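Have a look at protein.txt; it's compact mmCIF, C-alpha atoms:
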# COMPACT_ATOMS: atom_id res chain seq x y z
CA MET Q 1 8.18 -4.55 22.52
CA ASN Q 2 7.73 -0.81 22.33
CA LEU Q 3 10.19 0.77 19.89
CA ALA Q 4 11.71 4.11 20.88
CA VAL Q 5 13.18 5.88 17.86
CA SER Q 6 13.04 9.48 16.73
CA GLU Q 7 11.51 10.36 13.37
CA SER Q 8 14.90 11.59 12.20
CA GLU Q 9 16.20 8.01 12.49
CA LEU Q 10 13.43 6.58 10.27
CA PRO Q 11 13.07 4.58 8.15
CA VAL Q 12 14.86 1.78 9.94
CA ARG Q 13 15.09 -1.94 9.15
CA LEU Q 14 14.98 -4.45 12.00
CA ARG Q 15 16.29 -7.99 11.64
CA PHE Q 16 15.62 -10.60 14.33
CA ASP Q 17 17.09 -14.05 14.97
CA ARG Q 18 13.90 -15.44 13.48
CA PRO Q 19 11.02 -13.74 11.67
CA MET Q 20 8.12 -12.68 13.88
CA THR Q 21 5.00 -14.78 13.68
CA ASP Q 22 1.87 -13.01 12.50
CA ASP Q 23 0.61 -12.92 16.11
CA GLU Q 24 3.89 -11.37 17.30
CA LEU Q 25 3.75 -8.85 14.49
CA MET Q 26 0.15 -7.94 15.40
CA ARG Q 27 1.24 -7.28 19.00
CA PHE Q 28 4.30 -5.30 17.85
CA CYS Q 29 2.14 -3.12 15.60
CA ALA Q 30 -0.40 -2.57 18.40
CA GLU Q 31 2.36 -1.51 20.80
CA ASN Q 32 3.82 0.85 18.18
CA ASP Q 33 0.64 2.14 16.59
CA ASP Q 34 2.17 5.57 15.99
CA LEU Q 35 4.57 4.05 13.41
CA ARG Q 36 4.03 2.48 9.98
CA VAL Q 37 5.43 -1.04 10.02
CA GLU Q 38 5.86 -3.46 7.12
CA ARG Q 39 7.48 -6.89 6.96
CA ASP Q 40 9.47 -7.89 3.88
CA ALA Q 41 9.82 -11.38 2.40
CA ASN Q 42 12.95 -12.03 4.50
CA GLY Q 43 11.14 -11.28 7.77
CA GLU Q 44 12.79 -7.90 8.28
CA LEU Q 45 10.62 -5.13 9.65
CA ILE Q 46 10.67 -1.76 7.93
CA VAL Q 47 9.66 0.97 10.37
CA MET Q 48 8.66 4.28 8.79
CA SER Q 49 7.50 7.58 10.16
CA PRO Q 50 3.77 8.18 10.30
CA ALA Q 51 2.22 10.15 7.47
CA GLY Q 52 2.15 13.91 7.99
CA GLY Q 53 -1.02 15.97 7.77
CA GLY Q 54 -0.80 16.68 4.04
CA SER Q 55 -0.02 13.09 3.09
CA SER Q 56 -2.68 11.74 5.41
CA SER Q 57 -5.29 14.05 3.91
CA ARG Q 58 -4.30 13.15 0.33
CA ASN Q 59 -4.39 9.45 1.22
CA ALA Q 60 -7.88 9.80 2.69
CA ARG Q 61 -9.11 11.44 -0.53
CA LEU Q 62 -7.44 8.76 -2.66
CA SER Q 63 -8.86 5.88 -0.56
CA ARG Q 64 -12.32 7.47 -0.51
CA GLN Q 65 -12.39 7.70 -4.32
CA LEU Q 66 -11.44 4.03 -4.73
CA GLY Q 67 -13.79 2.91 -1.94
CA ASN Q 68 -16.76 4.84 -3.34
CA TRP Q 69 -16.18 3.40 -6.82
CA ALA Q 70 -15.81 -0.17 -5.49
CA GLU Q 71 -19.00 0.14 -3.46
CA GLU Q 72 -20.99 1.61 -6.36
CA THR Q 73 -19.83 -1.09 -8.79
CA GLY Q 74 -19.52 -4.04 -6.38
CA ALA Q 75 -16.03 -4.62 -7.82
CA GLY Q 76 -14.43 -5.81 -4.61
CA ASN Q 77 -13.22 -5.04 -1.14
CA THR Q 78 -10.96 -2.02 -0.65
CA PHE Q 79 -8.30 -1.48 1.98
CA ASP Q 80 -6.19 1.19 3.52
CA PRO Q 81 -2.94 0.39 5.28
CA ASP Q 82 -3.10 -1.89 8.29
CA GLY Q 83 0.47 -1.06 9.33
CA SER Q 84 1.80 -4.54 8.70
CA MET Q 85 3.24 -6.86 6.10
CA ARG Q 86 3.44 -4.86 2.85
CA SER Q 87 0.69 -2.30 2.88
CA PRO Q 88 -0.33 -0.14 -0.06
CA ASP Q 89 -2.09 3.13 0.60
CA ALA Q 90 -5.18 1.71 -1.12
CA ALA Q 91 -5.96 -1.67 -2.62
CA LEU Q 92 -8.74 -3.72 -4.16
CA ILE Q 93 -9.36 -7.46 -3.90
CA ALA Q 94 -12.23 -8.92 -5.93
CA TRP Q 95 -15.06 -10.31 -3.79
CA PRO Q 96 -14.70 -13.96 -4.91
CA ARG Q 97 -11.04 -14.02 -3.84
CA TRP Q 98 -11.77 -12.19 -0.59
CA ASN Q 99 -14.70 -14.47 0.27
CA ALA Q 100 -12.50 -17.55 -0.31
CA LEU Q 101 -10.43 -16.56 2.75
CA THR Q 102 -11.35 -17.81 6.19
CA GLU Q 103 -12.81 -15.36 8.69
CA LYS Q 104 -9.56 -15.50 10.67
CA GLN Q 105 -7.48 -14.73 7.55
CA GLN Q 106 -9.71 -11.76 6.77
CA GLU Q 107 -9.33 -10.38 10.30
CA GLU Q 108 -5.57 -10.77 10.61
CA PHE Q 109 -3.03 -10.57 7.79
CA PRO Q 110 -4.84 -11.75 4.65
CA PRO Q 111 -2.54 -14.12 2.72
CA ILE Q 112 -3.51 -12.62 -0.60
CA CYS Q 113 -2.10 -10.11 -3.04
CA PRO Q 114 -4.58 -7.45 -4.18
CA GLU Q 115 -5.39 -7.22 -7.87
CA PHE Q 116 -4.92 -3.45 -7.72
CA VAL Q 117 -2.79 -1.25 -5.47
CA ILE Q 118 -2.08 2.46 -5.11
CA GLU Q 119 0.94 3.88 -3.33
CA LEU Q 120 0.98 7.59 -2.50
CA ARG Q 121 4.46 9.07 -2.18
CA SER Q 122 4.88 11.23 0.93
CA PRO Q 123 7.55 13.91 1.23
CA SER Q 124 9.62 11.57 3.44
CA ASP Q 125 9.48 8.63 0.98
CA ARG Q 126 12.47 7.94 -1.23
CA LEU Q 127 11.44 7.25 -4.82
CA THR Q 128 13.66 4.23 -5.61
CA PRO Q 129 12.40 2.02 -2.72
CA LEU Q 130 8.80 2.88 -3.64
CA GLN Q 131 9.41 1.93 -7.27
CA GLU Q 132 10.90 -1.38 -6.11
CA LYS Q 133 7.85 -1.94 -3.90
CA MET Q 134 5.62 -1.41 -6.96
CA ARG Q 135 7.59 -4.00 -8.94
CA LEU Q 136 7.21 -6.41 -5.99
CA TRP Q 137 3.43 -5.93 -6.01
CA ILE Q 138 3.37 -6.90 -9.68
CA ALA Q 139 5.78 -9.83 -9.17
CA ASN Q 140 3.52 -11.13 -6.40
CA GLY Q 141 0.37 -11.09 -8.51
CA ALA Q 142 -1.06 -7.57 -8.65
CA GLU Q 143 -2.51 -6.92 -12.08
CA LEU Q 144 -2.18 -3.15 -11.89
CA ALA Q 145 -0.33 -0.76 -9.56
CA TRP Q 146 -0.20 3.03 -9.47
CA LEU Q 147 2.50 5.09 -7.77
CA VAL Q 148 1.02 8.56 -7.25
CA ASP Q 149 3.69 11.21 -6.67
CA PRO Q 150 2.23 14.63 -5.77
CA SER Q 151 5.65 16.31 -5.53
CA ARG Q 152 6.36 15.55 -9.21
CA LYS Q 153 2.66 15.51 -10.25
CA VAL Q 154 3.30 12.12 -11.82
CA VAL Q 155 1.56 8.74 -11.78
CA GLU Q 156 3.69 5.70 -12.58
CA ILE Q 157 1.59 2.80 -13.87
CA TYR Q 158 2.91 -0.73 -13.35
CA ARG Q 159 1.62 -3.79 -15.22
CA PRO Q 160 2.94 -7.37 -15.50
CA GLY Q 161 5.51 -7.89 -18.25
CA ARG Q 162 5.86 -4.19 -19.11
CA GLU Q 163 8.00 -1.24 -18.14
CA ALA Q 164 6.36 1.34 -15.92
CA GLU Q 165 4.39 3.98 -17.81
CA VAL Q 166 4.88 7.53 -16.52
CA VAL Q 167 1.91 9.90 -16.82
CA GLU Q 168 2.87 13.50 -16.10
CA GLY Q 169 0.62 16.35 -15.05
CA GLY Q 170 -2.72 14.81 -15.92
CA SER Q 171 -5.96 15.65 -14.16
CA VAL Q 172 -7.19 12.03 -14.01
CA VAL Q 173 -5.88 8.51 -14.36
CA GLU Q 174 -8.27 5.88 -15.69
CA GLY Q 175 -8.43 2.31 -14.46
CA GLU Q 176 -8.14 -0.81 -16.55
CA GLY Q 177 -8.17 -4.55 -15.92
CA PRO Q 178 -9.42 -5.14 -12.36
CA VAL Q 179 -10.53 -1.50 -11.99
CA VAL Q 180 -11.86 -0.75 -15.47
CA GLY Q 181 -14.20 2.21 -15.10
CA PHE Q 182 -12.46 3.66 -12.03
CA VAL Q 183 -11.23 7.22 -12.53
CA LEU Q 184 -8.92 8.78 -9.96
CA GLU Q 185 -9.33 12.55 -9.96
CA LEU Q 186 -5.79 13.81 -9.42
CA GLY Q 187 -6.76 17.42 -8.73
CA ARG Q 188 -8.04 16.21 -5.36
CA ILE Q 189 -4.73 14.47 -4.72
CA TRP Q 190 -2.37 17.15 -6.03
CA GLY Q 191 -3.93 19.37 -3.47

Kindly transcribe the structure held in the file into structure tokens.
Amino acid sequence: MNLAVSESELPVRLRFDRPMTDDELMRFCAENDDLRVERDANGELIVMSPAGGGSSSRNARLSRQLGNWAEETGAGNTFDPDGSMRSPDAALIAWPRWNALTEKQQEEFPPICPEFVIELRSPSDRLTPLQEKMRLWIANGAELAWLVDPSRKVVEIYRPGREAEVVEGGSVVEGEGPVVGFVLELGRIWG
């Protein structure tokens, strides 16, 4: 099913008679690879506009910093969005948890919540839904989640059992827990 919507109509939520299977979702995403697609816990699809040039560039710098650190330290496997399920802009899963998955699970939609996630707010993203998404990451098992908001030059830090901490205008944010030792240089993200 190829979806024909204009960017001015996005984001849009799609509800079907029954939730798509993972295979159906994979096909849907492949047929609509110009859109960002996520599936919520109720099986609804959330279709968002693709990232613009500025957001895409910032996301590449953010992902590269996390990926380089994870490779240097051997901390785990990092990800960028795969356009399906709930996708953070960057994530880390520790190697033992990743290696416990089957090869098929690793290749499709891994049934695992990352220990660490980063969401990068784009100009088209509304803040409240992103904050809710961060709380869902924590509720589903993430140990640490960062919402990086270049427009406000703010990083919101989410941890289990605590209110979000708001860090304004800093030049770096330092990891803890699953990413202790990781330092995200915000100057490269702010632009």

Quiz prompt | Distance in Å - CA of Gln131 in chain Q versus CA of Asp33 in chain Q | solution =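 So the answer is 25.4 Å.
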
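Minimum distance to Val12 in chain Q across Q:Val37, Q:Glu24, Q:Glu165, Q:Ala94 (counting all atoms listed in the file) occurs at Q:Val37.
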
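Atom to atom, CA of Ile112 in chain Q and CA of Ile46 in chain Q stand 19.8 Å apart.
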
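Proximity of Q:Leu92, Q:Leu35, Q:Leu120, Q:Val47 to Glu156 in chain Q, computed with only C-alpha atoms, is greatest for Q:Leu120.
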
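You can rank Q:Thr102, Q:Phe109, Q:Asn42, Q:Gly191 by their closest distance to Leu25 in chain Q using all atoms listed in the file, and at the top of that list sits Q:Phe109.
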
Exercise. Just the residues within 8 Å of range 172-189 of chain Q, please, counting only C-alpha atoms, with nothing from its chain fewer than 4 positions along; format it as a ChimeraX atom specification.
Key: /Q:58-59,61-62,65-66,69,75,94,115-116,143-144,150,155

Quiz prompt | Distance of CA of Val148 in chain Q from CA of Val167 in chain Q, expressed in Å to one decimal place | solution =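 Computing the Euclidean distance for CA of Val167 in chain Q and CA of Val148 in chain Q yields 9.7 Å.
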
Please reconstruct the missing atoms of range 122-139 of chain Q (target: N, CA and C atoms) and return them as a short mmCIF file (atom, residue, chain, number, x, y, z; two decimals), in the coordinates of the input.
data_model
loop_
_atom_site.label_atom_id
_atom_site.label_comp_id
_atom_site.auth_asym_id
_atom_site.auth_seq_id
_atom_site.Cartn_x
_atom_site.Cartn_y
_atom_site.Cartn_z
N SER Q 122 4.84 10.12 -0.03
CA SER Q 122 4.88 11.23 0.93
C SER Q 122 6.21 11.96 0.78
N PRO Q 123 6.29 13.16 1.32
CA PRO Q 123 7.55 13.91 1.23
C PRO Q 123 8.75 13.16 1.82
N SER Q 124 8.51 12.30 2.81
CA SER Q 124 9.62 11.57 3.44
C SER Q 124 10.00 10.29 2.70
N ASP Q 125 9.21 9.87 1.71
CA ASP Q 125 9.48 8.63 0.98
C ASP Q 125 10.54 8.84 -0.09
N ARG Q 126 11.50 7.92 -0.14
CA ARG Q 126 12.47 7.94 -1.23
C ARG Q 126 11.85 7.23 -2.43
N LEU Q 127 12.08 7.75 -3.61
CA LEU Q 127 11.44 7.25 -4.82
C LEU Q 127 11.87 5.82 -5.17
N THR Q 128 13.17 5.54 -5.16
CA THR Q 128 13.66 4.23 -5.61
C THR Q 128 13.07 3.07 -4.80
N PRO Q 129 13.03 3.12 -3.46
CA PRO Q 129 12.40 2.02 -2.72
C PRO Q 129 10.91 1.87 -3.04
N LEU Q 130 10.21 2.98 -3.28
CA LEU Q 130 8.80 2.88 -3.64
C LEU Q 130 8.62 2.22 -5.00
N GLN Q 131 9.48 2.56 -5.95
CA GLN Q 131 9.41 1.93 -7.27
C GLN Q 131 9.68 0.43 -7.16
N GLU Q 132 10.63 0.04 -6.32
CA GLU Q 132 10.90 -1.38 -6.11
C GLU Q 132 9.69 -2.06 -5.48
N LYS Q 133 9.05 -1.39 -4.53
CA LYS Q 133 7.85 -1.94 -3.90
C LYS Q 133 6.75 -2.17 -4.95
N MET Q 134 6.62 -1.25 -5.91
CA MET Q 134 5.62 -1.41 -6.96
C MET Q 134 5.93 -2.64 -7.82
N ARG Q 135 7.21 -2.82 -8.15
CA ARG Q 135 7.59 -4.00 -8.94
C ARG Q 135 7.32 -5.29 -8.15
N LEU Q 136 7.50 -5.24 -6.83
CA LEU Q 136 7.21 -6.41 -5.99
C LEU Q 136 5.71 -6.72 -5.98
N TRP Q 137 4.87 -5.68 -5.94
CA TRP Q 137 3.43 -5.93 -6.01
C TRP Q 137 3.09 -6.69 -7.29
N ILE Q 138 3.64 -6.25 -8.40
CA ILE Q 138 3.37 -6.90 -9.68
C ILE Q 138 3.94 -8.32 -9.69
N ALA Q 139 5.15 -8.50 -9.21
CA ALA Q 139 5.78 -9.83 -9.17
C ALA Q 139 4.99 -10.80 -8.30
#
